[in-house]
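With compact mmCIF, C-alpha atoms inside, this is input.txt:
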# COMPACT_ATOMS: atom_id res chain seq x y z
CA THR A 13 0.00 0.00 0.00
CA ALA A 14 1.39 3.38 -0.99
CA LEU A 15 1.12 6.49 1.11
CA PRO A 16 -0.97 9.32 -0.31
CA GLU A 17 0.89 12.16 -2.01
CA LYS A 18 1.15 14.23 1.16
CA LYS A 19 4.00 16.45 2.34
CA PHE A 20 4.82 17.17 5.96
CA ASP A 21 6.16 20.18 7.89
CA LEU A 22 7.79 17.98 10.54
CA ILE A 23 8.86 14.33 10.70
CA ILE A 24 10.45 12.90 13.86
CA ASP A 25 12.41 9.63 13.94
CA ASP A 26 12.29 8.19 17.46
CA GLY A 27 12.95 4.65 16.33
CA LEU A 28 15.81 2.18 16.76
CA HIS A 29 18.46 4.81 17.58
CA MET A 30 21.01 3.13 15.31
CA PRO A 31 22.59 4.95 12.36
CA HIS A 32 21.67 2.32 9.76
CA ALA A 33 18.00 2.45 10.77
CA ASN A 34 18.00 6.25 11.04
CA LEU A 35 19.56 6.56 7.57
CA ASN A 36 16.83 4.38 6.07
CA THR A 37 14.18 6.56 7.70
CA LEU A 38 15.98 9.68 6.47
CA ARG A 39 16.03 8.38 2.88
CA PHE A 40 12.32 7.59 3.12
CA ALA A 41 11.34 10.85 4.83
CA LEU A 42 13.24 13.54 2.90
CA PRO A 43 11.03 13.39 -0.21
CA LEU A 44 7.98 13.70 2.08
CA LEU A 45 9.06 17.05 3.54
CA LYS A 46 7.49 20.30 2.44
CA PRO A 47 9.90 23.05 1.40
CA ASN A 48 11.60 24.22 4.61
CA GLY A 49 10.19 21.14 6.37
CA ILE A 50 12.11 19.67 9.30
CA PHE A 51 13.27 16.09 9.91
CA ILE A 52 14.60 15.24 13.37
CA ILE A 53 16.38 12.11 14.57
CA GLU A 54 16.14 11.81 18.34
CA ASP A 55 18.61 10.23 20.78
CA VAL A 56 21.72 10.29 18.62
CA ALA A 57 24.64 9.00 20.69
CA GLY A 58 27.62 11.39 20.85
CA ALA A 59 29.90 8.65 19.52
CA GLU A 60 27.80 8.65 16.32
CA ASN A 61 28.18 12.38 15.69
CA PRO A 62 30.93 11.85 13.05
CA VAL A 63 28.41 9.81 11.02
CA TRP A 64 25.87 12.63 11.21
CA GLU A 65 28.47 15.27 10.42
CA MET A 66 29.29 13.38 7.21
CA VAL A 67 25.58 12.96 6.36
CA GLY A 68 25.10 16.68 7.04
CA GLN A 69 27.90 17.58 4.61
CA HIS A 70 26.36 15.34 1.94
CA LEU A 71 22.92 16.91 2.41
CA HIS A 72 24.28 20.45 2.64
CA ALA A 73 25.75 20.02 -0.85
CA ARG A 74 22.17 19.33 -2.00
CA GLY A 75 20.66 22.42 -0.39
CA TYR A 76 19.62 21.04 2.99
CA ARG A 77 20.55 22.67 6.29
CA CYS A 78 21.68 20.23 8.98
CA GLN A 79 22.68 20.54 12.59
CA ILE A 80 23.53 18.32 15.53
CA ILE A 81 21.67 19.64 18.56
CA HIS A 82 23.20 18.91 21.96
CA THR A 83 20.69 18.41 24.76
CA ARG A 84 21.07 18.64 28.51
CA GLY A 85 20.12 14.99 28.90
CA GLY A 86 23.25 13.84 27.10
CA SER A 87 21.68 12.42 23.95
CA ASP A 88 21.90 14.58 20.85
CA MET A 89 19.49 15.15 17.98
CA PHE A 90 20.20 15.50 14.27
CA ALA A 91 17.98 18.02 12.48
CA VAL A 92 17.56 18.53 8.74
CA VAL A 93 15.70 21.43 7.12
CA SER A 94 14.70 20.84 3.53
CA PRO A 95 15.52 23.42 0.86
CA ALA A 96 12.91 25.81 -0.48
CA SER A 97 12.46 23.41 -3.42
CA THR A 98 12.57 19.67 -2.78
CA VAL A 99 15.74 17.83 -3.85
CA SER A 100 15.93 14.04 -4.17
CA PHE A 101 18.25 12.24 -1.77
Could you write out this file's structure as structure tokens?
Amino acid sequence: TALPEKKFDLIIDDGLHMPHANLNTLRFALPLLKPNGIFIIEDVAGAENPVWEMVGQHLHARGYRCQIIHTRGGSDMFAVVSPASTVSF
């Protein structure tokens, strides 16, 4: 069953908390974001930040804005803002 052709302002991944799973969700979710929509991966372990820095560089080259957000609780978040016009991942 296919999802309807709907775009979202915000998509949050609070799933397996493992880079390979988060990357699959990211690949699925990016085309579903509205222009300037936000995708957030919660509970990113600090040891995984180099992975997300590399992903951020890859996406930045395609017009996305990315940032690792450090929280007081010790687990970070990775946020992606889609460009004004959607770009395929």
For this session: With only C-alpha atoms counted, which protein, DNA or RNA residues have an atom no more than 7 Å from (27.3, 14.6, 14.0) in the file frame? Please answer as a PyMOL selection string.
Result: chain A and resi 60-65+80
Exercise. What lies within 12 Å of Ile23 of chain A using only C-alpha atoms, ignoring chain neighbours under 3 positions off, as JSON, numbers by chain?
Worked result: {"A": [19, 20, 26, 27, 37, 38, 40, 41, 42, 43, 44, 45, 46, 48, 49, 50, 51, 52, 53, 54, 90, 91, 92, 93, 94]}
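With all atoms listed in the file as the atoms that count, the residue of A:Pro95, A:Ala57, A:Ser87, A:Ala33 with the shortest distance to His72 of chain A is A:Pro95.
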Problem set entry | atom CA of Gly68 of chain A to atom CA of Pro16 of chain A, distance in Å rounded to a single decimal |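 We find that atom CA of Gly68 of chain A and atom CA of Pro16 of chain A lie 28.1 Å from each other.
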For this session: Could you please determine the separation between atom CA of Gly58 of chain A and atom CA of His32 of chain A in Å, to one decimal place?
Result: 15.5 Å
For this session: Point out the residue among A:Met89, A:Ala96, A:Leu35, A:Ala59 with the least atom-to-atom distance to Tyr76 of chain A, counting only C-alpha atoms.
Result: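 Comparing A:Met89, A:Ala96, A:Leu35, A:Ala59 against Tyr76 of chain A, the winner is A:Ala96.
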For this session: Could you tell me how far atom CA of Gly75 of chain A lies from atom CA of Asp21 of chain A, in Å and to one decimal?
Result: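 Result for atom CA of Gly75 of chain A versus atom CA of Asp21 of chain A: 16.8 Å, one decimal.
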Problem set entry | All residues 6 Å or closer to Asp88 of chain A, all atoms listed in the file, same chain fewer than 2 positions away omitted, as a ChimeraX atom specification | /A:55-56,81-83
N, CA, C and O atoms are needed for segment 55-68 of chain A; please write them out as a PDB file, keeping the file's coordinate frame.
ATOM      1  N   ASP A  55      17.734  11.128  20.017  1.00  0.00           N
ATOM      2  CA  ASP A  55      18.610  10.230  20.780  1.00  0.00           C
ATOM      3  C   ASP A  55      19.790   9.714  19.975  1.00  0.00           C
ATOM      4  O   ASP A  55      20.072   8.517  19.937  1.00  0.00           O
ATOM      5  N   VAL A  56      20.498  10.629  19.337  1.00  0.00           N
ATOM      6  CA  VAL A  56      21.720  10.290  18.620  1.00  0.00           C
ATOM      7  C   VAL A  56      22.855  10.246  19.645  1.00  0.00           C
ATOM      8  O   VAL A  56      23.075  11.223  20.359  1.00  0.00           O
ATOM      9  N   ALA A  57      23.539   9.124  19.742  1.00  0.00           N
ATOM     10  CA  ALA A  57      24.640   9.000  20.690  1.00  0.00           C
ATOM     11  C   ALA A  57      25.817   9.858  20.231  1.00  0.00           C
ATOM     12  O   ALA A  57      26.112   9.938  19.038  1.00  0.00           O
ATOM     13  N   GLY A  58      26.490  10.515  21.179  1.00  0.00           N
ATOM     14  CA  GLY A  58      27.620  11.390  20.850  1.00  0.00           C
ATOM     15  C   GLY A  58      28.697  10.688  20.038  1.00  0.00           C
ATOM     16  O   GLY A  58      29.334  11.300  19.179  1.00  0.00           O
ATOM     17  N   ALA A  59      28.890   9.398  20.268  1.00  0.00           N
ATOM     18  CA  ALA A  59      29.900   8.650  19.520  1.00  0.00           C
ATOM     19  C   ALA A  59      29.533   8.544  18.038  1.00  0.00           C
ATOM     20  O   ALA A  59      30.406   8.302  17.199  1.00  0.00           O
ATOM     21  N   GLU A  60      28.265   8.735  17.711  1.00  0.00           N
ATOM     22  CA  GLU A  60      27.800   8.650  16.320  1.00  0.00           C
ATOM     23  C   GLU A  60      27.830   9.996  15.609  1.00  0.00           C
ATOM     24  O   GLU A  60      27.529  10.076  14.418  1.00  0.00           O
ATOM     25  N   ASN A  61      28.191  11.061  16.307  1.00  0.00           N
ATOM     26  CA  ASN A  61      28.180  12.380  15.690  1.00  0.00           C
ATOM     27  C   ASN A  61      29.029  12.467  14.421  1.00  0.00           C
ATOM     28  O   ASN A  61      28.610  13.144  13.472  1.00  0.00           O
ATOM     29  N   PRO A  62      30.192  11.793  14.316  1.00  0.00           N
ATOM     30  CA  PRO A  62      30.930  11.850  13.050  1.00  0.00           C
ATOM     31  C   PRO A  62      30.119  11.324  11.856  1.00  0.00           C
ATOM     32  O   PRO A  62      30.235  11.840  10.748  1.00  0.00           O
ATOM     33  N   VAL A  63      29.287  10.320  12.093  1.00  0.00           N
ATOM     34  CA  VAL A  63      28.410   9.810  11.020  1.00  0.00           C
ATOM     35  C   VAL A  63      27.475  10.918  10.569  1.00  0.00           C
ATOM     36  O   VAL A  63      27.316  11.181   9.375  1.00  0.00           O
ATOM     37  N   TRP A  64      26.859  11.602  11.540  1.00  0.00           N
ATOM     38  CA  TRP A  64      25.870  12.630  11.210  1.00  0.00           C
ATOM     39  C   TRP A  64      26.513  13.872  10.641  1.00  0.00           C
ATOM     40  O   TRP A  64      25.907  14.566   9.819  1.00  0.00           O
ATOM     41  N   GLU A  65      27.748  14.153  11.031  1.00  0.00           N
ATOM     42  CA  GLU A  65      28.470  15.270  10.420  1.00  0.00           C
ATOM     43  C   GLU A  65      28.707  14.990   8.934  1.00  0.00           C
ATOM     44  O   GLU A  65      28.544  15.877   8.093  1.00  0.00           O
ATOM     45  N   MET A  66      29.065  13.750   8.602  1.00  0.00           N
ATOM     46  CA  MET A  66      29.290  13.380   7.210  1.00  0.00           C
ATOM     47  C   MET A  66      27.969  13.423   6.419  1.00  0.00           C
ATOM     48  O   MET A  66      27.924  13.926   5.294  1.00  0.00           O
ATOM     49  N   VAL A  67      26.899  12.910   7.008  1.00  0.00           N
ATOM     50  CA  VAL A  67      25.580  12.960   6.360  1.00  0.00           C
ATOM     51  C   VAL A  67      25.185  14.424   6.144  1.00  0.00           C
ATOM     52  O   VAL A  67      24.684  14.789   5.081  1.00  0.00           O
ATOM     53  N   GLY A  68      25.424  15.269   7.148  1.00  0.00           N
ATOM     54  CA  GLY A  68      25.100  16.680   7.040  1.00  0.00           C
ATOM     55  C   GLY A  68      25.844  17.354   5.899  1.00  0.00           C
ATOM     56  O   GLY A  68      25.268  18.165   5.161  1.00  0.00           O
TER      57      GLY A  68
END
